[in-house]
$ cat input_14.pdb   # PDB, N, CA and C atoms
MODEL        1
ATOM      1  N   MET J   1       1.440  -8.405  14.100
ATOM      2  CA  MET J   1       2.120  -7.368  13.383
ATOM      3  C   MET J   1       2.979  -6.525  14.314
ATOM      4  N   GLY J   2       3.339  -6.992  15.453
ATOM      5  CA  GLY J   2       4.219  -6.223  16.321
ATOM      6  C   GLY J   2       3.475  -5.229  17.184
ATOM      7  N   PHE J   3       4.156  -4.197  17.575
ATOM      8  CA  PHE J   3       3.560  -3.202  18.460
ATOM      9  C   PHE J   3       2.732  -2.195  17.648
ATOM     10  N   PRO J   4       1.697  -1.622  18.283
ATOM     11  CA  PRO J   4       0.845  -0.684  17.542
ATOM     12  C   PRO J   4       1.530   0.666  17.328
ATOM     13  N   VAL J   5       1.264   1.250  16.185
ATOM     14  CA  VAL J   5       1.750   2.594  15.874
ATOM     15  C   VAL J   5       0.535   3.458  15.538
ATOM     16  N   PRO J   6       0.611   4.748  15.770
ATOM     17  CA  PRO J   6      -0.546   5.621  15.515
ATOM     18  C   PRO J   6      -0.733   5.921  14.025
ATOM     19  N   LEU J   7      -0.922   4.878  13.233
ATOM     20  CA  LEU J   7      -1.044   5.034  11.793
ATOM     21  C   LEU J   7      -2.215   5.938  11.419
ATOM     22  N   GLY J   8      -3.316   5.830  12.138
ATOM     23  CA  GLY J   8      -4.473   6.678  11.848
ATOM     24  C   GLY J   8      -4.110   8.149  11.897
ATOM     25  N   ASP J   9      -3.323   8.543  12.875
ATOM     26  CA  ASP J   9      -2.871   9.933  12.976
ATOM     27  C   ASP J   9      -1.909  10.271  11.840
ATOM     28  N   TRP J  10      -1.023   9.369  11.530
ATOM     29  CA  TRP J  10      -0.028   9.603  10.476
ATOM     30  C   TRP J  10      -0.684   9.746   9.108
ATOM     31  N   LEU J  11      -1.814   9.063   8.908
ATOM     32  CA  LEU J  11      -2.491   9.110   7.610
ATOM     33  C   LEU J  11      -3.252  10.410   7.382
ATOM     34  N   LYS J  12      -3.430  11.187   8.418
ATOM     35  CA  LYS J  12      -4.188  12.429   8.284
ATOM     36  C   LYS J  12      -3.385  13.527   7.592
ATOM     37  N   ALA J  13      -2.069  13.538   7.772
ATOM     38  CA  ALA J  13      -1.224  14.573   7.140
ATOM     39  C   ALA J  13       0.228  14.149   7.208
ATOM     40  N   GLY J  14       1.024  14.740   6.343
ATOM     41  CA  GLY J  14       2.460  14.522   6.407
ATOM     42  C   GLY J  14       3.000  13.517   5.418
ATOM     43  N   PRO J  15       4.281  13.181   5.590
ATOM     44  CA  PRO J  15       4.958  12.326   4.613
ATOM     45  C   PRO J  15       4.421  10.893   4.554
ATOM     46  N   VAL J  16       3.935  10.355   5.655
ATOM     47  CA  VAL J  16       3.394   8.988   5.622
ATOM     48  C   VAL J  16       2.143   8.958   4.749
ATOM     49  N   ARG J  17       1.296   9.963   4.898
ATOM     50  CA  ARG J  17       0.086  10.046   4.084
ATOM     51  C   ARG J  17       0.444  10.075   2.600
ATOM     52  N   GLU J  18       1.414  10.884   2.234
ATOM     53  CA  GLU J  18       1.807  11.004   0.835
ATOM     54  C   GLU J  18       2.431   9.705   0.311
ATOM     55  N   PHE J  19       3.208   9.032   1.154
ATOM     56  CA  PHE J  19       3.796   7.748   0.759
ATOM     57  C   PHE J  19       2.700   6.716   0.494
ATOM     58  N   VAL J  20       1.770   6.592   1.427
ATOM     59  CA  VAL J  20       0.683   5.615   1.284
ATOM     60  C   VAL J  20      -0.144   5.939   0.045
ATOM     61  N   ARG J  21      -0.479   7.197  -0.134
ATOM     62  CA  ARG J  21      -1.253   7.616  -1.293
ATOM     63  C   ARG J  21      -0.529   7.253  -2.594
ATOM     64  N   SER J  22       0.759   7.506  -2.657
ATOM     65  CA  SER J  22       1.502   7.218  -3.896
ATOM     66  C   SER J  22       1.549   5.723  -4.187
ATOM     67  N   GLN J  23       1.651   4.893  -3.149
ATOM     68  CA  GLN J  23       1.687   3.445  -3.367
ATOM     69  C   GLN J  23       0.371   2.935  -3.942
ATOM     70  N   PHE J  24      -0.743   3.385  -3.388
ATOM     71  CA  PHE J  24      -2.036   2.920  -3.887
ATOM     72  C   PHE J  24      -2.379   3.536  -5.239
ATOM     73  N   GLU J  25      -1.911   4.731  -5.517
ATOM     74  CA  GLU J  25      -2.128   5.313  -6.844
ATOM     75  C   GLU J  25      -1.372   4.515  -7.903
ATOM     76  N   THR J  26      -0.199   4.002  -7.554
ATOM     77  CA  THR J  26       0.541   3.122  -8.474
ATOM     78  C   THR J  26      -0.300   1.886  -8.789
ATOM     79  N   GLY J  27      -0.895   1.297  -7.765
ATOM     80  CA  GLY J  27      -1.756   0.128  -7.970
ATOM     81  C   GLY J  27      -2.970   0.456  -8.805
ATOM     82  N   LEU J  28      -3.554   1.640  -8.599
ATOM     83  CA  LEU J  28      -4.709   2.050  -9.400
ATOM     84  C   LEU J  28      -4.334   2.163 -10.868
ATOM     85  N   LYS J  29      -3.179   2.726 -11.146
ATOM     86  CA  LYS J  29      -2.737   2.886 -12.537
ATOM     87  C   LYS J  29      -2.509   1.539 -13.210
ATOM     88  N   LYS J  30      -2.105   0.550 -12.427
ATOM     89  CA  LYS J  30      -1.838  -0.775 -12.984
ATOM     90  C   LYS J  30      -3.081  -1.658 -12.999
ATOM     91  N   GLY J  31      -4.182  -1.183 -12.425
ATOM     92  CA  GLY J  31      -5.434  -1.940 -12.450
ATOM     93  C   GLY J  31      -5.378  -3.216 -11.631
ATOM     94  N   ARG J  32      -4.951  -3.115 -10.391
ATOM     95  CA  ARG J  32      -4.866  -4.296  -9.526
ATOM     96  C   ARG J  32      -6.217  -5.003  -9.422
ATOM     97  N   PRO J  33      -6.236  -6.309  -9.615
ATOM     98  CA  PRO J  33      -7.495  -7.042  -9.568
ATOM     99  C   PRO J  33      -7.946  -7.425  -8.152
ATOM    100  N   TYR J  34      -7.070  -7.341  -7.163
ATOM    101  CA  TYR J  34      -7.381  -7.914  -5.851
ATOM    102  C   TYR J  34      -7.959  -6.913  -4.865
ATOM    103  N   LEU J  35      -7.876  -5.611  -5.104
ATOM    104  CA  LEU J  35      -8.477  -4.646  -4.190
ATOM    105  C   LEU J  35      -8.822  -3.368  -4.923
ATOM    106  N   ASN J  36      -9.727  -2.611  -4.331
ATOM    107  CA  ASN J  36     -10.152  -1.346  -4.908
ATOM    108  C   ASN J  36      -9.324  -0.242  -4.257
ATOM    109  N   GLY J  37      -8.262   0.188  -4.942
ATOM    110  CA  GLY J  37      -7.354   1.195  -4.401
ATOM    111  C   GLY J  37      -8.046   2.497  -4.074
ATOM    112  N   LYS J  38      -9.065   2.839  -4.851
ATOM    113  CA  LYS J  38      -9.806   4.075  -4.602
ATOM    114  C   LYS J  38     -10.499   4.023  -3.240
ATOM    115  N   LYS J  39     -11.110   2.876  -2.924
ATOM    116  CA  LYS J  39     -11.774   2.735  -1.624
ATOM    117  C   LYS J  39     -10.768   2.739  -0.481
ATOM    118  N   VAL J  40      -9.604   2.157  -0.716
ATOM    119  CA  VAL J  40      -8.566   2.168   0.324
ATOM    120  C   VAL J  40      -8.150   3.605   0.605
ATOM    121  N   LEU J  41      -7.948   4.390  -0.450
ATOM    122  CA  LEU J  41      -7.561   5.791  -0.267
ATOM    123  C   LEU J  41      -8.647   6.565   0.465
ATOM    124  N   GLU J  42      -9.896   6.277   0.158
ATOM    125  CA  GLU J  42     -11.008   6.931   0.855
ATOM    126  C   GLU J  42     -11.063   6.515   2.321
ATOM    127  N   SER J  43     -10.719   5.268   2.612
ATOM    128  CA  SER J  43     -10.801   4.772   3.986
ATOM    129  C   SER J  43      -9.664   5.290   4.870
ATOM    130  N   MET J  44      -8.662   5.914   4.265
ATOM    131  CA  MET J  44      -7.568   6.477   5.064
ATOM    132  C   MET J  44      -8.107   7.487   6.074
ATOM    133  N   GLU J  45      -9.154   8.205   5.701
ATOM    134  CA  GLU J  45      -9.722   9.230   6.577
ATOM    135  C   GLU J  45     -10.367   8.629   7.820
ATOM    136  N   SER J  46     -10.895   7.427   7.692
ATOM    137  CA  SER J  46     -11.618   6.820   8.809
ATOM    138  C   SER J  46     -10.801   5.770   9.567
ATOM    139  N   GLU J  47      -9.534   5.605   9.225
ATOM    140  CA  GLU J  47      -8.696   4.623   9.919
ATOM    141  C   GLU J  47      -8.567   5.021  11.389
ATOM    142  N   SER J  48      -8.799   4.073  12.283
ATOM    143  CA  SER J  48      -8.668   4.376  13.712
ATOM    144  C   SER J  48      -7.201   4.637  14.045
ATOM    145  N   GLN J  49      -6.981   5.220  15.205
ATOM    146  CA  GLN J  49      -5.620   5.626  15.559
ATOM    147  C   GLN J  49      -4.625   4.480  15.452
ATOM    148  N   PHE J  50      -4.996   3.318  15.946
ATOM    149  CA  PHE J  50      -4.096   2.162  15.888
ATOM    150  C   PHE J  50      -4.621   1.102  14.921
ATOM    151  N   GLY J  51      -5.317   1.542  13.878
ATOM    152  CA  GLY J  51      -5.890   0.630  12.890
ATOM    153  C   GLY J  51      -4.817  -0.111  12.118
ATOM    154  N   ARG J  52      -5.201  -1.264  11.596
ATOM    155  CA  ARG J  52      -4.259  -2.096  10.848
ATOM    156  C   ARG J  52      -4.726  -2.424   9.439
ATOM    157  N   LYS J  53      -5.936  -1.985   9.099
ATOM    158  CA  LYS J  53      -6.477  -2.331   7.786
ATOM    159  C   LYS J  53      -5.628  -1.726   6.662
ATOM    160  N   VAL J  54      -5.427  -0.422   6.703
ATOM    161  CA  VAL J  54      -4.652   0.230   5.645
ATOM    162  C   VAL J  54      -3.218  -0.276   5.656
ATOM    163  N   CYS J  55      -2.671  -0.508   6.830
ATOM    164  CA  CYS J  55      -1.292  -0.999   6.945
ATOM    165  C   CYS J  55      -1.155  -2.370   6.274
ATOM    166  N   GLY J  56      -2.100  -3.251   6.507
ATOM    167  CA  GLY J  56      -2.058  -4.574   5.891
ATOM    168  C   GLY J  56      -2.183  -4.503   4.377
ATOM    169  N   LEU J  57      -3.094  -3.661   3.898
ATOM    170  CA  LEU J  57      -3.272  -3.505   2.455
ATOM    171  C   LEU J  57      -2.066  -2.818   1.822
ATOM    172  N   LEU J  58      -1.436  -1.913   2.554
ATOM    173  CA  LEU J  58      -0.217  -1.268   2.069
ATOM    174  C   LEU J  58       0.897  -2.303   1.905
ATOM    175  N   SER J  59       1.024  -3.192   2.876
ATOM    176  CA  SER J  59       2.027  -4.254   2.783
ATOM    177  C   SER J  59       1.778  -5.121   1.557
ATOM    178  N   LEU J  60       0.521  -5.445   1.300
ATOM    179  CA  LEU J  60       0.175  -6.245   0.130
ATOM    180  C   LEU J  60       0.520  -5.511  -1.166
ATOM    181  N   GLU J  61       0.210  -4.230  -1.233
ATOM    182  CA  GLU J  61       0.503  -3.448  -2.440
ATOM    183  C   GLU J  61       2.007  -3.363  -2.686
ATOM    184  N   ILE J  62       2.783  -3.115  -1.657
ATOM    185  CA  ILE J  62       4.240  -3.035  -1.820
ATOM    186  C   ILE J  62       4.800  -4.388  -2.242
ATOM    187  N   TRP J  63       4.302  -5.455  -1.644
ATOM    188  CA  TRP J  63       4.738  -6.807  -2.020
ATOM    189  C   TRP J  63       4.433  -7.060  -3.492
ATOM    190  N   TYR J  64       3.231  -6.682  -3.918
ATOM    191  CA  TYR J  64       2.833  -6.873  -5.307
ATOM    192  C   TYR J  64       3.754  -6.095  -6.240
ATOM    193  N   GLN J  65       4.103  -4.862  -5.867
ATOM    194  CA  GLN J  65       5.010  -4.053  -6.692
ATOM    195  C   GLN J  65       6.377  -4.711  -6.810
ATOM    196  N   GLU J  66       6.860  -5.271  -5.728
ATOM    197  CA  GLU J  66       8.198  -5.860  -5.722
ATOM    198  C   GLU J  66       8.269  -7.195  -6.459
ATOM    199  N   PHE J  67       7.246  -8.031  -6.337
ATOM    200  CA  PHE J  67       7.337  -9.377  -6.875
ATOM    201  C   PHE J  67       6.559  -9.625  -8.159
ATOM    202  N   PHE J  68       5.518  -8.858  -8.433
ATOM    203  CA  PHE J  68       4.772  -9.043  -9.665
ATOM    204  C   PHE J  68       5.112  -7.994 -10.714
ATOM    205  N   ASP J  69       5.201  -6.737 -10.285
ATOM    206  CA  ASP J  69       5.511  -5.682 -11.254
ATOM    207  C   ASP J  69       6.925  -5.820 -11.794
ATOM    208  N   LYS J  70       7.813  -6.410 -11.038
ATOM    209  CA  LYS J  70       9.199  -6.581 -11.468
ATOM    210  C   LYS J  70       9.500  -8.000 -11.928
ATOM    211  N   HIS J  71       8.460  -8.765 -12.214
ATOM    212  CA  HIS J  71       8.613 -10.164 -12.597
ATOM    213  C   HIS J  71       9.540 -10.322 -13.807
ATOM    214  N   HIS J  72       9.370  -9.473 -14.808
ATOM    215  CA  HIS J  72      10.196  -9.592 -16.014
ATOM    216  C   HIS J  72      11.660  -9.320 -15.699
ATOM    217  N   GLN J  73      11.944  -8.420 -14.750
ATOM    218  CA  GLN J  73      13.336  -8.152 -14.350
ATOM    219  C   GLN J  73      13.926  -9.358 -13.618
ATOM    220  N   MET J  74      13.144  -9.949 -12.745
ATOM    221  CA  MET J  74      13.598 -11.108 -11.984
ATOM    222  C   MET J  74      13.835 -12.303 -12.912
ATOM    223  N   LYS J  75      12.950 -12.474 -13.863
ATOM    224  CA  LYS J  75      13.062 -13.599 -14.794
ATOM    225  C   LYS J  75      14.339 -13.481 -15.631
ATOM    226  N   ALA J  76      14.727 -12.275 -15.963
ATOM    227  CA  ALA J  76      15.930 -12.055 -16.760
ATOM    228  C   ALA J  76      17.218 -12.431 -15.997
ATOM    229  N   LEU J  77      17.140 -12.474 -14.688
ATOM    230  CA  LEU J  77      18.303 -12.822 -13.877
ATOM    231  C   LEU J  77      18.610 -14.313 -13.937
ATOM    232  N   PHE J  78      17.623 -15.133 -14.273
ATOM    233  CA  PHE J  78      17.810 -16.583 -14.240
ATOM    234  C   PHE J  78      17.887 -17.186 -15.604
TER
ENDMDL
END

$ encode --input "input_14.pdb" --output "structure tokens"
Amino acid sequence: MGFPVPLGDWLKAGPVREFVRSQFETGLKKGRPYLNGKKVLESMESESQFGRKVCGLLSLEIWYQEFFDKHHQMKALF
């Protein structure tokens, strides 16, 4: 995943925390079957400074929003 970033620190406060929270809350509202968004949000507090767990799950959630939530829009293009 490239070079490490202090995601654990960023998740404690500020705009990154709010962005991550909003992405997983979107997944919670849609009832994602593949992960427990509530537990991910709770684990933000314990993410190590250079942790990758939340980052990986965030990537999955964003991917899901782009390719599954917009499936009907993509299908209309073809």

$ closest_residue --input "input_14.pdb" --among "J:Phe3, J:Ala13, J:Gly8, J:Phe19" --to "J:Ser48" --atoms "only C-alpha atoms"
J:Gly8

$ select_by_dssp --input "input_14.pdb" --residues "chain J" --states "helix (DSSP H, G or I)" --output "PyMOL selection string"
chain J and resi 7-10+15-30+37-46+53-67+71-77

$ closest_residue --input "input_14.pdb" --among "J:Trp10, J:Glu25, J:Gly37, J:Asp69" --to "J:Gln49" --atoms "all atoms listed in the file"
J:Trp10

$ atom_distance --input "input_14.pdb" --atom1 "atom C of J:Val40" --atom2 "atom CA of J:Val54"
7.0 Å

$ atom_distance --input "input_14.pdb" --atom1 "atom N of J:Ala76" --atom2 "atom CA of J:Ser59"
24.0 Å

$ residues_around --input "input_14.pdb" --residues "J:Met44" --least-positions-apart "4" --cutoff "6.5 Å" --atoms "all atoms listed in the file" --output "list of chain:residue names"
J:Leu11, J:Lys12, J:Lys39, J:Val40

$ atom_distance --input "input_14.pdb" --atom1 "atom CA of J:Glu66" --atom2 "atom CA of J:Pro6"
25.7 Å

$ axis_aligned_box --input "input_14.pdb" --around "stretch 44-48 of chain J" --padding-each-side "6 Å" --output "AutoDock Vina command-line options"
--center_x -9.4 --center_y 6.7 --center_z 9.2 --size_x 16.4 --size_y 17.2 --size_z 21.8

$ build_atoms --input "input_14.pdb" --residues "stretch 10-21 of chain J" --atoms "all heavy atoms" --output "PDB file, in the frame of the given file"
ATOM      1  N   TRP J  10      -1.023   9.369  11.530  1.00  0.00           N
ATOM      2  CA  TRP J  10      -0.028   9.603  10.476  1.00  0.00           C
ATOM      3  C   TRP J  10      -0.684   9.746   9.108  1.00  0.00           C
ATOM      4  O   TRP J  10      -0.154  10.435   8.234  1.00  0.00           O
ATOM      5  CB  TRP J  10       0.990   8.491  10.438  1.00  0.00           C
ATOM      6  CG  TRP J  10       1.842   8.367  11.658  1.00  0.00           C
ATOM      7  CD1 TRP J  10       1.954   9.262  12.686  1.00  0.00           C
ATOM      8  CD2 TRP J  10       2.703   7.284  11.989  1.00  0.00           C
ATOM      9  NE1 TRP J  10       2.831   8.800  13.637  1.00  0.00           N
ATOM     10  CE2 TRP J  10       3.308   7.578  13.228  1.00  0.00           C
ATOM     11  CE3 TRP J  10       3.011   6.089  11.364  1.00  0.00           C
ATOM     12  CZ2 TRP J  10       4.216   6.730  13.851  1.00  0.00           C
ATOM     13  CZ3 TRP J  10       3.914   5.239  11.986  1.00  0.00           C
ATOM     14  CH2 TRP J  10       4.510   5.552  13.209  1.00  0.00           C
ATOM     15  N   LEU J  11      -1.814   9.063   8.908  1.00  0.00           N
ATOM     16  CA  LEU J  11      -2.491   9.110   7.610  1.00  0.00           C
ATOM     17  C   LEU J  11      -3.252  10.410   7.382  1.00  0.00           C
ATOM     18  O   LEU J  11      -3.666  10.702   6.265  1.00  0.00           O
ATOM     19  CB  LEU J  11      -3.460   7.938   7.472  1.00  0.00           C
ATOM     20  CG  LEU J  11      -2.825   6.566   7.345  1.00  0.00           C
ATOM     21  CD1 LEU J  11      -3.904   5.493   7.353  1.00  0.00           C
ATOM     22  CD2 LEU J  11      -1.984   6.466   6.096  1.00  0.00           C
ATOM     23  N   LYS J  12      -3.430  11.187   8.418  1.00  0.00           N
ATOM     24  CA  LYS J  12      -4.188  12.429   8.284  1.00  0.00           C
ATOM     25  C   LYS J  12      -3.385  13.527   7.592  1.00  0.00           C
ATOM     26  O   LYS J  12      -3.950  14.369   6.902  1.00  0.00           O
ATOM     27  CB  LYS J  12      -4.679  12.887   9.646  1.00  0.00           C
ATOM     28  CG  LYS J  12      -5.594  11.855  10.290  1.00  0.00           C
ATOM     29  CD  LYS J  12      -6.676  12.464  11.072  1.00  0.00           C
ATOM     30  CE  LYS J  12      -7.559  11.482  11.792  1.00  0.00           C
ATOM     31  NZ  LYS J  12      -7.931  10.285  11.146  1.00  0.00           N
ATOM     32  N   ALA J  13      -2.069  13.538   7.772  1.00  0.00           N
ATOM     33  CA  ALA J  13      -1.224  14.573   7.140  1.00  0.00           C
ATOM     34  C   ALA J  13       0.228  14.149   7.208  1.00  0.00           C
ATOM     35  O   ALA J  13       0.607  13.305   8.014  1.00  0.00           O
ATOM     36  CB  ALA J  13      -1.411  15.911   7.860  1.00  0.00           C
ATOM     37  N   GLY J  14       1.024  14.740   6.343  1.00  0.00           N
ATOM     38  CA  GLY J  14       2.460  14.522   6.407  1.00  0.00           C
ATOM     39  C   GLY J  14       3.000  13.517   5.418  1.00  0.00           C
ATOM     40  O   GLY J  14       2.288  13.030   4.533  1.00  0.00           O
ATOM     41  N   PRO J  15       4.281  13.181   5.590  1.00  0.00           N
ATOM     42  CA  PRO J  15       4.958  12.326   4.613  1.00  0.00           C
ATOM     43  C   PRO J  15       4.421  10.893   4.554  1.00  0.00           C
ATOM     44  O   PRO J  15       4.454  10.274   3.488  1.00  0.00           O
ATOM     45  CB  PRO J  15       6.417  12.355   5.054  1.00  0.00           C
ATOM     46  CG  PRO J  15       6.414  12.823   6.458  1.00  0.00           C
ATOM     47  CD  PRO J  15       5.181  13.650   6.636  1.00  0.00           C
ATOM     48  N   VAL J  16       3.935  10.355   5.655  1.00  0.00           N
ATOM     49  CA  VAL J  16       3.394   8.988   5.622  1.00  0.00           C
ATOM     50  C   VAL J  16       2.143   8.958   4.749  1.00  0.00           C
ATOM     51  O   VAL J  16       1.961   8.051   3.932  1.00  0.00           O
ATOM     52  CB  VAL J  16       3.098   8.457   7.042  1.00  0.00           C
ATOM     53  CG1 VAL J  16       2.358   7.132   6.992  1.00  0.00           C
ATOM     54  CG2 VAL J  16       4.376   8.328   7.837  1.00  0.00           C
ATOM     55  N   ARG J  17       1.296   9.963   4.898  1.00  0.00           N
ATOM     56  CA  ARG J  17       0.086  10.046   4.084  1.00  0.00           C
ATOM     57  C   ARG J  17       0.444  10.075   2.600  1.00  0.00           C
ATOM     58  O   ARG J  17      -0.147   9.365   1.789  1.00  0.00           O
ATOM     59  CB  ARG J  17      -0.723  11.284   4.448  1.00  0.00           C
ATOM     60  CG  ARG J  17      -1.966  11.456   3.603  1.00  0.00           C
ATOM     61  CD  ARG J  17      -2.679  12.760   3.933  1.00  0.00           C
ATOM     62  NE  ARG J  17      -3.829  12.954   3.103  1.00  0.00           N
ATOM     63  CZ  ARG J  17      -5.033  12.427   3.307  1.00  0.00           C
ATOM     64  NH1 ARG J  17      -5.226  11.641   4.342  1.00  0.00           N
ATOM     65  NH2 ARG J  17      -6.017  12.674   2.496  1.00  0.00           N
ATOM     66  N   GLU J  18       1.414  10.884   2.234  1.00  0.00           N
ATOM     67  CA  GLU J  18       1.807  11.004   0.835  1.00  0.00           C
ATOM     68  C   GLU J  18       2.431   9.705   0.311  1.00  0.00           C
ATOM     69  O   GLU J  18       2.197   9.320  -0.831  1.00  0.00           O
ATOM     70  CB  GLU J  18       2.762  12.175   0.645  1.00  0.00           C
ATOM     71  CG  GLU J  18       2.115  13.525   0.926  1.00  0.00           C
ATOM     72  CD  GLU J  18       0.779  13.716   0.223  1.00  0.00           C
ATOM     73  OE1 GLU J  18       0.690  13.441  -0.996  1.00  0.00           O
ATOM     74  OE2 GLU J  18      -0.194  14.113   0.895  1.00  0.00           O
ATOM     75  N   PHE J  19       3.208   9.032   1.154  1.00  0.00           N
ATOM     76  CA  PHE J  19       3.796   7.748   0.759  1.00  0.00           C
ATOM     77  C   PHE J  19       2.700   6.716   0.494  1.00  0.00           C
ATOM     78  O   PHE J  19       2.699   6.040  -0.538  1.00  0.00           O
ATOM     79  CB  PHE J  19       4.756   7.235   1.832  1.00  0.00           C
ATOM     80  CG  PHE J  19       5.262   5.853   1.560  1.00  0.00           C
ATOM     81  CD1 PHE J  19       6.231   5.627   0.592  1.00  0.00           C
ATOM     82  CD2 PHE J  19       4.749   4.766   2.252  1.00  0.00           C
ATOM     83  CE1 PHE J  19       6.683   4.345   0.318  1.00  0.00           C
ATOM     84  CE2 PHE J  19       5.188   3.477   1.992  1.00  0.00           C
ATOM     85  CZ  PHE J  19       6.164   3.270   1.024  1.00  0.00           C
ATOM     86  N   VAL J  20       1.770   6.592   1.427  1.00  0.00           N
ATOM     87  CA  VAL J  20       0.683   5.615   1.284  1.00  0.00           C
ATOM     88  C   VAL J  20      -0.144   5.939   0.045  1.00  0.00           C
ATOM     89  O   VAL J  20      -0.454   5.060  -0.758  1.00  0.00           O
ATOM     90  CB  VAL J  20      -0.191   5.581   2.558  1.00  0.00           C
ATOM     91  CG1 VAL J  20      -1.437   4.740   2.350  1.00  0.00           C
ATOM     92  CG2 VAL J  20       0.613   5.065   3.739  1.00  0.00           C
ATOM     93  N   ARG J  21      -0.479   7.197  -0.134  1.00  0.00           N
ATOM     94  CA  ARG J  21      -1.253   7.616  -1.293  1.00  0.00           C
ATOM     95  C   ARG J  21      -0.529   7.253  -2.594  1.00  0.00           C
ATOM     96  O   ARG J  21      -1.125   6.706  -3.517  1.00  0.00           O
ATOM     97  CB  ARG J  21      -1.521   9.118  -1.236  1.00  0.00           C
ATOM     98  CG  ARG J  21      -2.331   9.639  -2.400  1.00  0.00           C
ATOM     99  CD  ARG J  21      -2.772  11.068  -2.187  1.00  0.00           C
ATOM    100  NE  ARG J  21      -3.756  11.200  -1.142  1.00  0.00           N
ATOM    101  CZ  ARG J  21      -5.040  10.854  -1.248  1.00  0.00           C
ATOM    102  NH1 ARG J  21      -5.486  10.333  -2.367  1.00  0.00           N
ATOM    103  NH2 ARG J  21      -5.875  11.033  -0.259  1.00  0.00           N
TER     104      ARG J  21
END
